Amino acid sequence: MNDTPLAAKGAAHRAGDAPLLEIDGLHTYFDTLAGEVRSVHGVSYRVEAGQTVGVVGESGCGKSVTALSVMRLIQTPPGRFAGGAIRYRGTDLLKLSEAEMRRIRGNRISMIFQEPMTSLNPVLTVGRQIAETVMLHQQVGRREALARATEMLRLVQIPEPQRRVNEYPHQLSGGMRQRVMIALALACHPELLIADEPTTALDVTIQAQILELLRGLQRELGMGIVMITHDLGVVAECCDRVVVMYAGRKVEEADVLDLFERPLHPYTRALMASMPSMNTHSARLTEIPGIVPSPHEAVRGCAFAPRCGFASERCRNEVPPLQEHGAGASHLSACFHVEELVRTTEVPTARAALMQEAGA
């Protein structure tokens, strides 16, 4: 399924004078009746042209809010940017006017949203929706825009694009609607694509087709991709670098091979251990005890400490800083017990299976 060995990922990629995307210490908060919600708390990562960065974590960890912050789609109020910067080729998007941001959003930076049926307009044909995006950003006429829409449907491998361009979202299957969302996001040939759970609710065969489609389009168009997911299989399949988030913070970041070979945060290890393995049908799945802290809750110390078997009194009182571990490619982890973790934790069976599958 994967035409690129996992070991080859994270190799050199095209880079300009400035990173394609650089998120630097982003804080996105929401003011609610129940108090301040710190959905994203000091998150930083970067994406280069031609690179795929995976953002992993369970629901509510801040993955999608970070993406919506990049697109400047956070409703203010109640949302607000409490600190940090989001730079696209060196330009801070948070300092642009709404008119300036509209020229970038959907044009240079596009996003595939989680639910096609809630993102597509049910009363407009899919062709018209793609054409309107092209007319808005590319300053072309309706006829040429509709021709581009048909070509985009062909590009994302929708059969009979000349007919499908005149159909409505409800007339298409889930996989086709997802392909329409990709066509809509790529209609203006963006430099950066944010894919928010692009394969959620699709069957395994369609998931594989969508991921292969994105890889092919990336090779053809040279895009940078932010792949937001909770599925480590998708990460092993597609990504060059991985950011792991928990409770609004980044807790680990590494090249994909290094992360799977040597995860250095207890949360990352727990995620890998909880993955089902094809080789252990009879084994009980490992679960992560406890629950994610409420976003309204002011957490003291490490947010993962109540669920972590390595937690000490220091973890419960101090927030561990992100620190680099090892030589060569940067591997960051926010944990006070990295050395102990490496000494005492065996390679999870599911991780070995994922690496074997992705490298096959």
# chains A, B, ... in the order shown; residues from 1 in each chain; ligands from 1
call {"tool": "closest_atom_pairs", "arguments": {"of": "region 108-158 of chain A", "to": "region 66-81 of chain A", "cutoff": "10 Å", "atoms": "only C-alpha atoms", "output": "tab-separated table"}}
result
residue	atom	partner	partner_atom	distance
A:Ile109	CA	A:Met71	CA	7.5
A:Ser110	CA	A:Met71	CA	7.9
A:Met111	CA	A:Met71	CA	7.9
A:Phe113	CA	A:Leu68	CA	9.8
call {"tool": "write_last_selection", "arguments": {"atoms": "all heavy atoms", "output": "PDB file, in the first residue's frame"}}
result
ATOM      1  N   ILE A 109      -3.442  28.583   1.327  1.00  0.00           N
ATOM      2  CA  ILE A 109      -3.598  27.580   2.383  1.00  0.00           C
ATOM      3  C   ILE A 109      -5.032  27.062   2.331  1.00  0.00           C
ATOM      4  O   ILE A 109      -5.976  27.855   2.396  1.00  0.00           O
ATOM      5  CB  ILE A 109      -3.328  28.176   3.787  1.00  0.00           C
ATOM      6  CG1 ILE A 109      -1.940  28.811   3.854  1.00  0.00           C
ATOM      7  CG2 ILE A 109      -3.462  27.095   4.851  1.00  0.00           C
ATOM      8  CD1 ILE A 109      -1.657  29.502   5.174  1.00  0.00           C
ATOM      9  N   SER A 110      -5.203  25.751   2.213  1.00  0.00           N
ATOM     10  CA  SER A 110      -6.536  25.155   2.156  1.00  0.00           C
ATOM     11  C   SER A 110      -6.678  24.093   3.232  1.00  0.00           C
ATOM     12  O   SER A 110      -5.687  23.580   3.749  1.00  0.00           O
ATOM     13  CB  SER A 110      -6.805  24.537   0.782  1.00  0.00           C
ATOM     14  OG  SER A 110      -7.050  25.535  -0.184  1.00  0.00           O
ATOM     15  N   MET A 111      -7.937  23.755   3.521  1.00  0.00           N
ATOM     16  CA  MET A 111      -8.202  22.788   4.581  1.00  0.00           C
ATOM     17  C   MET A 111      -9.288  21.816   4.151  1.00  0.00           C
ATOM     18  O   MET A 111     -10.294  22.206   3.559  1.00  0.00           O
ATOM     19  CB  MET A 111      -8.622  23.527   5.855  1.00  0.00           C
ATOM     20  CG  MET A 111      -8.837  22.632   7.067  1.00  0.00           C
ATOM     21  SD  MET A 111      -8.997  23.622   8.582  1.00  0.00           S
ATOM     22  CE  MET A 111      -9.337  22.308   9.763  1.00  0.00           C
ATOM     23  N   PHE A 113     -11.989  19.515   5.764  1.00  0.00           N
ATOM     24  CA  PHE A 113     -12.656  19.425   7.056  1.00  0.00           C
ATOM     25  C   PHE A 113     -13.116  17.992   7.323  1.00  0.00           C
ATOM     26  O   PHE A 113     -13.200  17.155   6.421  1.00  0.00           O
ATOM     27  CB  PHE A 113     -13.833  20.392   7.119  1.00  0.00           C
ATOM     28  CG  PHE A 113     -13.412  21.834   7.039  1.00  0.00           C
ATOM     29  CD1 PHE A 113     -13.363  22.489   5.817  1.00  0.00           C
ATOM     30  CD2 PHE A 113     -13.055  22.529   8.178  1.00  0.00           C
ATOM     31  CE1 PHE A 113     -12.960  23.805   5.726  1.00  0.00           C
ATOM     32  CE2 PHE A 113     -12.656  23.847   8.104  1.00  0.00           C
ATOM     33  CZ  PHE A 113     -12.607  24.496   6.874  1.00  0.00           C
TER      34      PHE A 113
END
call {"tool": "closest_atom_pairs", "arguments": {"of": "region 210-279 of chain A", "to": "region 183-192 of chain A", "cutoff": "6 Å", "atoms": "only C-alpha atoms", "output": "JSON lines"}}
result
{"residue": "A:Met223", "atom": "CA", "partner": "A:Glu191", "partner_atom": "CA", "distance": 4.8}
{"residue": "A:Gly224", "atom": "CA", "partner": "A:Leu192", "partner_atom": "CA", "distance": 4.8}
{"residue": "A:Ile225", "atom": "CA", "partner": "A:Leu192", "partner_atom": "CA", "distance": 5.8}
call {"tool": "write_last_selection", "arguments": {"atoms": "C-alpha atoms", "output": "short mmCIF file (atom, residue, chain, number, x, y, z; two decimals), in the first residue's frame"}}
result
data_model
loop_
_atom_site.label_atom_id
_atom_site.label_comp_id
_atom_site.auth_asym_id
_atom_site.auth_seq_id
_atom_site.Cartn_x
_atom_site.Cartn_y
_atom_site.Cartn_z
CA MET A 223 2.47 20.87 -1.27
CA GLY A 224 3.21 20.84 2.42
CA ILE A 225 0.57 18.85 4.35
#
call {"tool": "residues_around", "arguments": {"residues": "Arg249 (chain A)", "least_positions_apart": "5", "cutoff": "12 Å", "atoms": "only C-alpha atoms", "output": "ChimeraX atom specification"}}
result
/A:25-28,38-45,55-57,60-63,65-66,243-244,295,299,302-304,319-322,333-334
call {"tool": "select_by_dssp", "arguments": {"residues": "region 45-292 of chain A", "states": "alpha helix (DSSP H)", "output": "JSON, numbers by chain"}}
result
{"A": [63, 64, 65, 66, 67, 68, 69, 70, 98, 99, 100, 101, 102, 103, 104, 116, 117, 118, 119, 126, 127, 128, 129, 130, 131, 132, 133, 134, 135, 136, 137, 138, 142, 143, 144, 145, 146, 147, 148, 149, 150, 151, 152, 153, 154, 155, 161, 162, 163, 164, 174, 175, 176, 177, 178, 179, 180, 181, 182, 183, 184, 185, 186, 204, 205, 206, 207, 208, 209, 210, 211, 212, 213, 214, 215, 216, 217, 218, 219, 220, 221, 232, 233, 234, 235, 236, 237, 238, 256, 257, 258, 259, 260, 261, 266, 267, 268, 269, 270, 271, 272, 273]}
call {"tool": "residues_around", "arguments": {"residues": "Pro266 (chain A)", "least_positions_apart": "2", "cutoff": "10 Å", "atoms": "only C-alpha atoms", "output": "number ranges by chain"}}
result
A: 251-252, 263-264, 268-272, 304-305, 307-311, 333-335, 337-338, 341-342, 345
call {"tool": "write_last_selection", "arguments": {"atoms": "C-alpha atoms", "output": "PDB file, in the first residue's frame"}}
result
ATOM      1  CA  VAL A 251       4.318  16.640  24.465  1.00  0.00           C
ATOM      2  CA  GLU A 252       6.550  15.052  21.815  1.00  0.00           C
ATOM      3  CA  PRO A 263       8.939   7.128  21.624  1.00  0.00           C
ATOM      4  CA  LEU A 264      10.115   9.284  24.530  1.00  0.00           C
ATOM      5  CA  THR A 268       3.038   8.321  23.049  1.00  0.00           C
ATOM      6  CA  ARG A 269       4.034   4.895  24.367  1.00  0.00           C
ATOM      7  CA  ALA A 270       0.561   4.380  25.802  1.00  0.00           C
ATOM      8  CA  LEU A 271      -1.028   5.256  22.440  1.00  0.00           C
ATOM      9  CA  MET A 272       1.164   2.707  20.681  1.00  0.00           C
ATOM     10  CA  PHE A 304      -0.695  13.435  31.876  1.00  0.00           C
ATOM     11  CA  ALA A 305       0.615  12.766  35.407  1.00  0.00           C
ATOM     12  CA  ARG A 307      -2.684   8.672  34.097  1.00  0.00           C
ATOM     13  CA  CYS A 308       1.070   7.996  33.976  1.00  0.00           C
ATOM     14  CA  GLY A 309       2.858   5.093  35.626  1.00  0.00           C
ATOM     15  CA  PHE A 310       6.136   7.058  35.728  1.00  0.00           C
ATOM     16  CA  ALA A 311       4.717  10.165  37.414  1.00  0.00           C
ATOM     17  CA  SER A 333       9.854  15.322  24.612  1.00  0.00           C
ATOM     18  CA  ALA A 334       8.195  17.012  27.590  1.00  0.00           C
ATOM     19  CA  CYS A 335       8.946  14.461  30.293  1.00  0.00           C
ATOM     20  CA  HIS A 337      11.627  10.630  33.181  1.00  0.00           C
ATOM     21  CA  VAL A 338      12.866  10.024  29.628  1.00  0.00           C
ATOM     22  CA  LEU A 341      11.231   5.377  30.255  1.00  0.00           C
ATOM     23  CA  VAL A 342      13.843   4.164  27.786  1.00  0.00           C
ATOM     24  CA  THR A 345       9.673   0.072  28.618  1.00  0.00           C
TER      25      THR A 345
END
call {"tool": "residues_around", "arguments": {"residues": "Gln138 (chain A)", "least_positions_apart": "6", "cutoff": "12 Å", "atoms": "only C-alpha atoms", "output": "PyMOL selection string"}}
result
chain A and resi 103-104+106-108+130-132+144-145+148+187-190
call {"tool": "atom_distance", "arguments": {"atom1": "CA of Gln129 (chain A)", "atom2": "CA of Thr205 (chain A)"}}
result
26.9 Å
call {"tool": "closest_residue", "arguments": {"among": "A:Glu160, A:Glu237, A:Glu36, A:Glu287", "to": "Met176 (chain A)", "atoms": "only C-alpha atoms"}}
result
A:Glu160
call {"tool": "closest_residue", "arguments": {"among": "A:Ile291, A:Val53, A:Ile182, A:Leu33", "to": "Cys239 (chain A)", "atoms": "only C-alpha atoms"}}
result
A:Val53
call {"tool": "select_by_dssp", "arguments": {"residues": "region 52-212 of chain A", "states": "strand (DSSP E)", "output": "list in words"}}
result
Thr52, Val53, Gly54, Val55, Val56, Gly79, Arg80, Phe81, Ala82, Gly83, Gly84, Ala85, Ile86, Arg87, Tyr88, Thr91, Asp92, Ile109, Ser110, Met111, Ile112, Leu192, Leu193, Ile194, Ala195 and Asp196 of chain A
call {"tool": "write_last_selection", "arguments": {"atoms": "N, CA, C and O atoms", "output": "CSV table (one decimal), in the first residue's frame"}}
result
chain,number,residue,atom,x,y,z
A,52,THR,N,5.1,16.3,5.0
A,52,THR,CA,3.9,16.0,5.6
A,52,THR,C,4.2,15.8,7.1
A,52,THR,O,5.0,15.0,7.6
A,53,VAL,N,3.5,16.7,7.9
A,53,VAL,CA,3.6,16.7,9.4
A,53,VAL,C,2.3,16.1,10.0
A,53,VAL,O,1.3,16.7,9.7
A,54,GLY,N,2.4,15.0,10.7
A,54,GLY,CA,1.3,14.5,11.4
A,54,GLY,C,1.1,15.1,12.7
A,54,GLY,O,2.0,15.3,13.5
A,55,VAL,N,-0.2,15.4,13.1
A,55,VAL,CA,-0.5,15.9,14.4
A,55,VAL,C,-1.4,14.9,15.0
A,55,VAL,O,-2.5,14.7,14.5
A,56,VAL,N,-1.0,14.3,16.1
A,56,VAL,CA,-1.7,13.1,16.7
A,56,VAL,C,-2.1,13.4,18.1
A,56,VAL,O,-1.5,14.2,18.9
A,79,GLY,N,-13.7,32.9,21.1
A,79,GLY,CA,-12.3,32.6,21.0
A,79,GLY,C,-11.4,33.8,20.9
A,79,GLY,O,-11.8,34.9,20.5
A,80,ARG,N,-10.1,33.6,21.2
A,80,ARG,CA,-9.2,34.7,21.1
A,80,ARG,C,-7.8,34.1,21.0
A,80,ARG,O,-7.5,33.0,21.6
A,81,PHE,N,-6.9,34.8,20.4
A,81,PHE,CA,-5.5,34.4,20.3
A,81,PHE,C,-4.8,35.1,21.4
A,81,PHE,O,-4.6,36.4,21.4
A,82,ALA,N,-4.4,34.4,22.4
A,82,ALA,CA,-3.8,34.9,23.7
A,82,ALA,C,-2.3,35.1,23.6
A,82,ALA,O,-1.7,35.6,24.5
A,83,GLY,N,-1.7,34.6,22.5
A,83,GLY,CA,-0.2,34.7,22.4
A,83,GLY,C,0.3,33.9,21.3
A,83,GLY,O,-0.4,33.0,20.8
A,84,GLY,N,1.6,34.2,20.9
A,84,GLY,CA,2.2,33.4,19.9
A,84,GLY,C,2.0,34.0,18.5
A,84,GLY,O,1.5,35.1,18.3
A,85,ALA,N,2.5,33.2,17.5
A,85,ALA,CA,2.5,33.7,16.1
A,85,ALA,C,2.3,32.5,15.2
A,85,ALA,O,2.6,31.4,15.5
A,86,ILE,N,1.6,32.8,14.0
A,86,ILE,CA,1.5,31.8,13.0
A,86,ILE,C,2.0,32.4,11.7
A,86,ILE,O,1.4,33.3,11.1
A,87,ARG,N,3.2,31.9,11.3
A,87,ARG,CA,3.8,32.6,10.1
A,87,ARG,C,3.7,31.7,8.9
A,87,ARG,O,4.1,30.5,8.9
A,88,TYR,N,3.2,32.3,7.8
A,88,TYR,CA,3.2,31.6,6.5
A,88,TYR,C,4.2,32.3,5.6
A,88,TYR,O,4.1,33.5,5.3
A,91,THR,N,5.3,35.6,7.1
A,91,THR,CA,4.2,36.6,7.4
A,91,THR,C,3.3,36.1,8.5
A,91,THR,O,2.8,35.0,8.4
A,92,ASP,N,3.2,36.9,9.5
A,92,ASP,CA,2.4,36.5,10.7
A,92,ASP,C,0.9,36.6,10.3
A,92,ASP,O,0.4,37.7,10.1
A,109,ILE,N,-3.4,28.6,1.3
A,109,ILE,CA,-3.6,27.6,2.4
A,109,ILE,C,-5.0,27.1,2.3
A,109,ILE,O,-6.0,27.9,2.4
A,110,SER,N,-5.2,25.8,2.2
A,110,SER,CA,-6.5,25.2,2.2
A,110,SER,C,-6.7,24.1,3.2
A,110,SER,O,-5.7,23.6,3.7
A,111,MET,N,-7.9,23.8,3.5
A,111,MET,CA,-8.2,22.8,4.6
A,111,MET,C,-9.3,21.8,4.2
A,111,MET,O,-10.3,22.2,3.6
A,112,ILE,N,-9.1,20.5,4.4
A,112,ILE,CA,-10.1,19.5,4.3
A,112,ILE,C,-10.7,19.3,5.6
A,112,ILE,O,-10.0,18.9,6.6
A,192,LEU,N,0.0,24.9,0.9
A,192,LEU,CA,-0.2,24.2,2.2
A,192,LEU,C,-1.6,23.6,2.3
A,192,LEU,O,-2.6,24.3,2.1
A,193,LEU,N,-1.7,22.3,2.6
A,193,LEU,CA,-3.0,21.7,2.8
A,193,LEU,C,-3.1,21.1,4.2
A,193,LEU,O,-2.2,20.4,4.7
A,194,ILE,N,-4.1,21.5,4.9
A,194,ILE,CA,-4.4,21.0,6.2
A,194,ILE,C,-5.5,20.0,6.1
A,194,ILE,O,-6.6,20.3,5.7
A,195,ALA,N,-5.2,18.7,6.4
A,195,ALA,CA,-6.2,17.6,6.3
A,195,ALA,C,-6.6,17.2,7.7
A,195,ALA,O,-5.9,16.6,8.4
A,196,ASP,N,-7.9,17.6,8.1
A,196,ASP,CA,-8.3,17.3,9.4
A,196,ASP,C,-9.1,16.0,9.4
A,196,ASP,O,-10.3,15.9,9.0
